[in-house]
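Peer 1: Before anything else, here's the structure in question.
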Amino acid sequence: MKTGAAESEPGNKPIAVVGGGILGVATALYLVREGKAVVLVEREKLGAETSYGNAGVLASCSVVPVTTPGLLKSIPKYLLSKDSPLFLRWGYLPKLFPWLVRYLSHATAGHNRRIADALLPIVGDSLEQHQAMAKGTPAERWVVPSDYLFVYQHQQAFDADRFVWNIRQERGFHGEILEADALRAYAPGLGPANQLGVRVPGHGMIKDPGRYLADLAAVFQQMGGTIKKAEVTGFELEGDRVVGLQTSDGPLHCSQVVIAAGAWSAKLLGKLGIKISMESERGYHVEFYGANLDVPCPTMVAMGKFVATPMEGRLRCAGLVEFGGLSAQPSQGPFDLLMRKARETFPD
């Protein structure tokens, strides 16, 4: 653990940020830039739980929720098809069911537009926000402006997604449709399985999410921030105010606390009497090192519900959805599906 301003100044209780993923590290970095004493608490290696393994897309247009109209009718097909991007641990279903009912109740056009309006100011300027955060630091090299390409097998598959595109266009995201030869000219690595694409400019990618996070964390430490490897097990309260954390490494006094623990946040908040309806959605990724493919930008493959992103020295294919809680071991099925769909998408 690095000793920084958070612990070296007598009587100066730090702000504690719980969670060492991209949200926790970004929050801690901005706080220390404002001159605050900050301690970042993470039980694992920074980013090891989720943030290192994502698709690396600064997906500004991703404002439409998964719960689009018609999803409920599609669930049986998703659960029974060998090509389905949805995986469910059946033993977890009794615990999942109450949340799932509430979740699916939002699969309406009205809820989709309401949620899209709420997400737009959060993710709509993703590229600009990451550029601003990383500017002038070693992390800046990982932030790359790019298009975002969506590919479909045929016109009918695109038409089935028209509702989603209408919501995106209503919020200022306009794409260029590329058919067959034009699509292949833009993304030569694609095979014939996909005959239509939509190129959306104004996006970006992180060329190596794990190293990007590590570089940001190093800047945080250089500015006097403290990183503490420990698991938070409870909170110390004075009235209704958090004044300390109980951790696996002993108590930690703080002036305020930020909970940025991703899918683990609900359990922590429960210790404060705050109940939120949250479930974990596990994703998977496979990487192809030294791939001899021309993939110009992050590419959402509609037939497989995964994103292929050209990263530093490799192509990462990431996505899918698995519901099964936080403690289950990885499943083989999602890996097999990603490999199969990747080969269909990029046969060479």
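As shown in the structure tokens, the chain order sets the letters A, B, ...; within each chain, residues go from 1, and ligands are also counted from 1 in the order they appear.
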Could you pull out the residues in stretch 139-192 of chain A that DSSP calls helix (DSSP H, G or I) from the backbone, as a ChimeraX atom specification?

Peer 2: /A:139-142,155-160,162-170,180-186

Peer 1: Considering only C-alpha atoms, tabulate each residue of stretch 192-289 of chain A that lies at most 12 Å from stretch 60-79 of chain A along with its nearest interatomic pair and the corresponding distance in Å to one decimal; arrange the rows by chain and ascending residue number and present them as a tab-separated table.

Peer 2:
```
residue	atom	partner	partner_atom	distance
A:Arg199	CA	A:Cys61	CA	11.6
A:Val200	CA	A:Cys61	CA	8.5
A:Pro201	CA	A:Cys61	CA	9.9
A:Gly202	CA	A:Ser60	CA	8.0
A:His203	CA	A:Ser60	CA	6.3
A:Gly204	CA	A:Ser60	CA	8.5
A:Met205	CA	A:Ser60	CA	10.7
A:Glu281	CA	A:Val66	CA	11.4
```

Peer 1: Hey, can you spit out that residue selection with N, CA, C and O atoms as a short mmCIF file (atom, residue, chain, number, x, y, z; two decimals), in the first residue's frame?

Peer 2:
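Done, and the output landed in selection_37.cif:
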```cif
data_model
loop_
_atom_site.label_atom_id
_atom_site.label_comp_id
_atom_site.auth_asym_id
_atom_site.auth_seq_id
_atom_site.Cartn_x
_atom_site.Cartn_y
_atom_site.Cartn_z
N ARG A 199 -22.20 2.22 -40.13
CA ARG A 199 -21.02 2.88 -39.57
C ARG A 199 -21.45 4.14 -38.85
O ARG A 199 -22.04 5.04 -39.45
N VAL A 200 -21.18 4.19 -37.53
CA VAL A 200 -21.57 5.35 -36.74
C VAL A 200 -20.29 6.06 -36.29
O VAL A 200 -19.50 5.51 -35.51
N PRO A 201 -20.04 7.28 -36.76
CA PRO A 201 -18.83 8.02 -36.37
C PRO A 201 -18.95 8.57 -34.96
O PRO A 201 -19.99 8.48 -34.31
N GLY A 202 -17.85 9.17 -34.48
CA GLY A 202 -17.88 9.87 -33.21
C GLY A 202 -17.78 9.00 -31.99
O GLY A 202 -18.21 9.41 -30.90
N HIS A 203 -17.20 7.82 -32.13
CA HIS A 203 -17.03 6.92 -30.99
C HIS A 203 -15.54 6.77 -30.67
O HIS A 203 -14.72 7.53 -31.12
N GLY A 204 -15.20 5.76 -29.90
CA GLY A 204 -13.81 5.54 -29.54
C GLY A 204 -13.62 4.17 -28.95
O GLY A 204 -14.58 3.41 -28.74
N MET A 205 -12.36 3.84 -28.68
CA MET A 205 -12.05 2.55 -28.06
C MET A 205 -10.85 2.70 -27.15
O MET A 205 -10.03 3.61 -27.29
N GLU A 281 -24.82 -9.29 -14.58
CA GLU A 281 -24.89 -9.81 -15.94
C GLU A 281 -23.47 -10.14 -16.36
O GLU A 281 -22.68 -9.24 -16.64
#
```

Peer 1: Would you mind listing what lies within 8 Å of A:Leu245 as a list in words, with only C-alpha atoms counted and same-chain residues fewer than 4 positions away left out?

Peer 2: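 So, after excluding close chain neighbours, the residues are Val232, Thr233, Gly234, Phe235, Glu236, Pro251, Leu252, His253 and Cys254 of chain A.
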
Peer 1: Take the selection from the previous step and output its residues with N, CA and C atoms, as a PDB file, in the first residue's frame.

Peer 2:
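After the write, part_33.pdb holds the following:
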```
ATOM      1  N   VAL A 232     -14.028  -4.806   2.020  1.00  0.00           N
ATOM      2  CA  VAL A 232     -14.887  -4.067   2.944  1.00  0.00           C
ATOM      3  C   VAL A 232     -15.953  -5.021   3.480  1.00  0.00           C
ATOM      4  N   THR A 233     -16.015  -5.134   4.804  1.00  0.00           N
ATOM      5  CA  THR A 233     -16.964  -6.059   5.436  1.00  0.00           C
ATOM      6  C   THR A 233     -18.081  -5.334   6.176  1.00  0.00           C
ATOM      7  N   GLY A 234     -17.964  -4.022   6.377  1.00  0.00           N
ATOM      8  CA  GLY A 234     -18.997  -3.279   7.077  1.00  0.00           C
ATOM      9  C   GLY A 234     -18.631  -1.813   7.181  1.00  0.00           C
ATOM     10  N   PHE A 235     -19.437  -1.059   7.899  1.00  0.00           N
ATOM     11  CA  PHE A 235     -19.263   0.381   8.004  1.00  0.00           C
ATOM     12  C   PHE A 235     -19.376   0.826   9.460  1.00  0.00           C
ATOM     13  N   GLU A 236     -18.667   1.900   9.789  1.00  0.00           N
ATOM     14  CA  GLU A 236     -18.802   2.550  11.090  1.00  0.00           C
ATOM     15  C   GLU A 236     -19.658   3.795  10.893  1.00  0.00           C
ATOM     16  N   PRO A 251      -9.837  -1.519  10.636  1.00  0.00           N
ATOM     17  CA  PRO A 251     -10.697  -0.365  10.418  1.00  0.00           C
ATOM     18  C   PRO A 251      -9.993   0.727   9.598  1.00  0.00           C
ATOM     19  N   LEU A 252     -10.798   1.481   8.867  1.00  0.00           N
ATOM     20  CA  LEU A 252     -10.289   2.592   8.078  1.00  0.00           C
ATOM     21  C   LEU A 252     -11.212   3.782   8.297  1.00  0.00           C
ATOM     22  N   HIS A 253     -10.710   4.834   8.907  1.00  0.00           N
ATOM     23  CA  HIS A 253     -11.516   6.023   9.145  1.00  0.00           C
ATOM     24  C   HIS A 253     -11.626   6.836   7.862  1.00  0.00           C
ATOM     25  N   CYS A 254     -12.793   7.443   7.651  1.00  0.00           N
ATOM     26  CA  CYS A 254     -12.990   8.241   6.448  1.00  0.00           C
ATOM     27  C   CYS A 254     -14.014   9.332   6.737  1.00  0.00           C
TER      28      CYS A 254
END
```

Peer 1: Go through stretch 272-301 of chain A residue by residue and, counting only C-alpha atoms, keep those with an atom at most 12 Å from stretch 151-162 of chain A; for each kept residue give the shortest atom pair and its distance in Å to one decimal, ordered by chain and increasing number, as a Markdown table.

Peer 2:
```
| residue | atom | partner | partner_atom | distance |
| --- | --- | --- | --- | --- |
| A:Cys297 | CA | A:Val151 | CA | 11.9 |
| A:Pro298 | CA | A:Val151 | CA | 10.7 |
| A:Thr299 | CA | A:Val151 | CA | 7.1 |
| A:Met300 | CA | A:Val151 | CA | 6.2 |
| A:Val301 | CA | A:Val151 | CA | 5.3 |
```

Peer 1: Got time to write the residues from that selection, N, CA, C and O atoms, as a JSON list (two decimals), in the first residue's frame?

Peer 2:
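Once everything was written out, this is out00.json:
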```json
[["chain", "number", "residue", "atom", "x", "y", "z"],
["A", 297, "CYS", "N", -12.37, -0.88, -36.56],
["A", 297, "CYS", "CA", -12.96, -0.24, -35.39],
["A", 297, "CYS", "C", -13.78, -1.28, -34.62],
["A", 297, "CYS", "O", -13.99, -2.39, -35.12],
["A", 298, "PRO", "N", -14.24, -0.96, -33.42],
["A", 298, "PRO", "CA", -15.12, -1.88, -32.71],
["A", 298, "PRO", "C", -16.32, -2.24, -33.57],
["A", 298, "PRO", "O", -16.95, -1.37, -34.18],
["A", 299, "THR", "N", -16.61, -3.53, -33.63],
["A", 299, "THR", "CA", -17.65, -4.03, -34.53],
["A", 299, "THR", "C", -18.65, -4.88, -33.75],
["A", 299, "THR", "O", -18.28, -5.94, -33.22],
["A", 300, "MET", "N", -19.89, -4.42, -33.67],
["A", 300, "MET", "CA", -20.95, -5.17, -33.03],
["A", 300, "MET", "C", -21.52, -6.15, -34.03],
["A", 300, "MET", "O", -22.03, -5.76, -35.09],
["A", 301, "VAL", "N", -21.43, -7.44, -33.72],
["A", 301, "VAL", "CA", -21.90, -8.49, -34.61],
["A", 301, "VAL", "C", -23.29, -8.91, -34.13],
["A", 301, "VAL", "O", -23.43, -9.60, -33.12]]
```

Peer 1: With 7 Å as the cut-off and only C-alpha atoms counted, what is the closest atom pair between each nearby residue of stretch 204-223 of chain A and stretch 12-36 of chain A? Distances in Å to one decimal, ordered by chain and number, as JSON lines.

Peer 2:
```
{"residue": "A:Leu213", "atom": "CA", "partner": "A:Ile22", "partner_atom": "CA", "distance": 6.4}
{"residue": "A:Ala217", "atom": "CA", "partner": "A:Val25", "partner_atom": "CA", "distance": 6.2}
{"residue": "A:Phe220", "atom": "CA", "partner": "A:Leu29", "partner_atom": "CA", "distance": 5.2}
{"residue": "A:Met223", "atom": "CA", "partner": "A:Val32", "partner_atom": "CA", "distance": 6.9}
```

Peer 1: Output all heavy atoms of each residue in that selection to a file, as a PDB file, in the first residue's frame.

Peer 2:
```pdb
ATOM      1  N   LEU A 213      -6.391   1.167 -17.187  1.00  0.00           N
ATOM      2  CA  LEU A 213      -6.761   1.306 -15.780  1.00  0.00           C
ATOM      3  C   LEU A 213      -5.520   1.409 -14.899  1.00  0.00           C
ATOM      4  O   LEU A 213      -5.453   2.233 -13.982  1.00  0.00           O
ATOM      5  CB  LEU A 213      -7.612   0.103 -15.350  1.00  0.00           C
ATOM      6  CG  LEU A 213      -8.263   0.213 -13.983  1.00  0.00           C
ATOM      7  CD1 LEU A 213      -9.451   1.155 -14.023  1.00  0.00           C
ATOM      8  CD2 LEU A 213      -8.721  -1.158 -13.505  1.00  0.00           C
ATOM      9  N   ALA A 217      -4.470   4.509 -12.446  1.00  0.00           N
ATOM     10  CA  ALA A 217      -4.229   4.272 -11.020  1.00  0.00           C
ATOM     11  C   ALA A 217      -2.849   4.783 -10.610  1.00  0.00           C
ATOM     12  O   ALA A 217      -2.671   5.307  -9.498  1.00  0.00           O
ATOM     13  CB  ALA A 217      -4.365   2.785 -10.705  1.00  0.00           C
ATOM     14  N   PHE A 220      -3.069   8.428 -10.104  1.00  0.00           N
ATOM     15  CA  PHE A 220      -3.745   8.664  -8.821  1.00  0.00           C
ATOM     16  C   PHE A 220      -2.743   8.567  -7.666  1.00  0.00           C
ATOM     17  O   PHE A 220      -2.713   9.418  -6.771  1.00  0.00           O
ATOM     18  CB  PHE A 220      -4.874   7.638  -8.664  1.00  0.00           C
ATOM     19  CG  PHE A 220      -5.439   7.525  -7.274  1.00  0.00           C
ATOM     20  CD1 PHE A 220      -6.230   8.539  -6.746  1.00  0.00           C
ATOM     21  CD2 PHE A 220      -5.196   6.396  -6.498  1.00  0.00           C
ATOM     22  CE1 PHE A 220      -6.762   8.426  -5.459  1.00  0.00           C
ATOM     23  CE2 PHE A 220      -5.717   6.272  -5.231  1.00  0.00           C
ATOM     24  CZ  PHE A 220      -6.503   7.300  -4.703  1.00  0.00           C
ATOM     25  N   MET A 223      -0.201  11.420  -7.463  1.00  0.00           N
ATOM     26  CA  MET A 223      -0.779  12.663  -6.962  1.00  0.00           C
ATOM     27  C   MET A 223      -1.100  12.589  -5.469  1.00  0.00           C
ATOM     28  O   MET A 223      -1.694  13.514  -4.916  1.00  0.00           O
ATOM     29  CB  MET A 223      -2.043  13.007  -7.753  1.00  0.00           C
ATOM     30  CG  MET A 223      -1.780  13.308  -9.220  1.00  0.00           C
ATOM     31  SD  MET A 223      -3.263  13.909 -10.083  1.00  0.00           S
ATOM     32  CE  MET A 223      -3.473  15.507  -9.295  1.00  0.00           C
TER      33      MET A 223
END
```

Peer 1: Taking 5 positions as the minimum chain separation for residues in the same chain, which residues sit within 12 Å of A:Pro330 when counting only C-alpha atoms? Answer as a ChimeraX atom specification.

Peer 2: /A:87-89,282-285,322-325,335-336

Peer 1: When you count only C-alpha atoms, which of these residues is closest to A:Phe306: A:Val57, A:Ile122, A:Ala116, A:Ala48?

Peer 2: A:Val57
